[in-house]
Amino acid sequence: MKPTAASQAPPEQRVEVVLSACSAADAETVLGALRRHFSTDTAGGTIHGPTTPDPARPTVWTATFDTSQVAEDVSPAELGDAVTVDVQGGPVAVARLRDVLHRTFEVEDAGAASGDQEVDLQLKLRGR
């Protein structure tokens, strides 16, 4: 398996993003917005998760992003419903990714935990 740009980034520049309790279309909107600004661990830019979620089971989409490049132009995006996003990574990397989310969506902080070298955030996103 060939390493991807995100997997080759220094650990302090990588951010793990996990989306849950949302539609496949909303997951693609959020992860697609992040892919426009940061390289990702997914081959061809695809997301990890089912294309047709089973309503009887919890559905989760994940991706890891390399935030070593700071995003410039960010456009607002629409979502069908609120999306819960869990973000984990180094403080600077999480701040860069969070900035893009704030410029793209309405963001509500739903929780945070910080360690010596890592930040965990839970955010609720809504379209602009």
# chains A, B, ... in the order shown; residues from 1 in each chain; ligands from 1
call {"tool": "residues_around", "arguments": {"residues": "segment 78-81 of chain A", "least_positions_apart": "2", "cutoff": "6 Å", "atoms": "only C-alpha atoms", "output": "MDAnalysis selection string"}}
result
chainID A and resid 26 127:128
call {"tool": "write_last_selection", "arguments": {"atoms": "N, CA and C atoms", "output": "CSV table (one decimal), in the first residue's frame"}}
result
chain,number,residue,atom,x,y,z
A,26,ASP,N,-24.3,14.6,3.8
A,26,ASP,CA,-23.8,15.6,4.7
A,26,ASP,C,-22.3,15.3,5.1
A,127,GLY,N,-25.2,24.2,8.2
A,127,GLY,CA,-24.9,24.9,7.0
A,127,GLY,C,-25.1,26.4,7.2
A,128,ARG,N,-24.4,27.2,6.3
A,128,ARG,CA,-24.5,28.7,6.3
A,128,ARG,C,-25.6,29.1,5.4
call {"tool": "closest_atom_pairs", "arguments": {"of": "segment 70-110 of chain A", "to": "segment 115-119 of chain A", "cutoff": "9 Å", "atoms": "only C-alpha atoms", "output": "tab-separated table"}}
result
residue	atom	partner	partner_atom	distance
A:Val87	CA	A:Val119	CA	7.9
A:Gln88	CA	A:Val119	CA	5.6
A:Gly89	CA	A:Glu118	CA	5.2
A:Gly90	CA	A:Glu118	CA	4.5
A:Pro91	CA	A:Val119	CA	5.7
A:Val94	CA	A:Val119	CA	7.1
call {"tool": "write_last_selection", "arguments": {"atoms": "N, CA, C and O atoms", "output": "compact mmCIF listing (two decimals), in the first residue's frame"}}
result
# COMPACT_ATOMS: atom_id res chain seq x y z
N VAL A 87 -12.92 15.79 16.47
CA VAL A 87 -11.63 16.15 15.90
C VAL A 87 -10.56 15.86 16.94
O VAL A 87 -10.72 16.23 18.11
N GLN A 88 -9.47 15.22 16.50
CA GLN A 88 -8.39 14.88 17.43
C GLN A 88 -7.05 15.11 16.76
O GLN A 88 -6.84 14.66 15.63
N GLY A 89 -6.15 15.82 17.44
CA GLY A 89 -4.82 16.06 16.89
C GLY A 89 -4.07 17.07 17.73
O GLY A 89 -4.51 17.48 18.80
N GLY A 90 -2.90 17.49 17.23
CA GLY A 90 -2.09 18.50 17.90
C GLY A 90 -2.81 19.83 17.93
O GLY A 90 -3.64 20.12 17.07
N PRO A 91 -2.49 20.67 18.93
CA PRO A 91 -3.21 21.95 19.09
C PRO A 91 -3.18 22.85 17.86
O PRO A 91 -4.21 23.42 17.48
N VAL A 94 -5.27 21.15 14.96
CA VAL A 94 -6.71 21.23 15.24
C VAL A 94 -7.20 22.66 15.04
O VAL A 94 -8.27 22.88 14.47
call {"tool": "residues_around", "arguments": {"residues": "Ala95 of chain A", "least_positions_apart": "6", "cutoff": "12 Å", "atoms": "only C-alpha atoms", "output": "ChimeraX atom specification"}}
result
/A:12-15,67-68,70-71,87-89,101-102,118-121
call {"tool": "residues_around", "arguments": {"residues": "Glu108 of chain A", "least_positions_apart": "6", "cutoff": "7 Å", "atoms": "only C-alpha atoms", "output": "ChimeraX atom specification"}}
result
/A:123-125
call {"tool": "residues_around", "arguments": {"residues": "Pro76 of chain A", "least_positions_apart": "2", "cutoff": "7 Å", "atoms": "only C-alpha atoms", "output": "list in words"}}
result
Val74, Arg103, Thr104, Phe105 and Arg128 of chain A
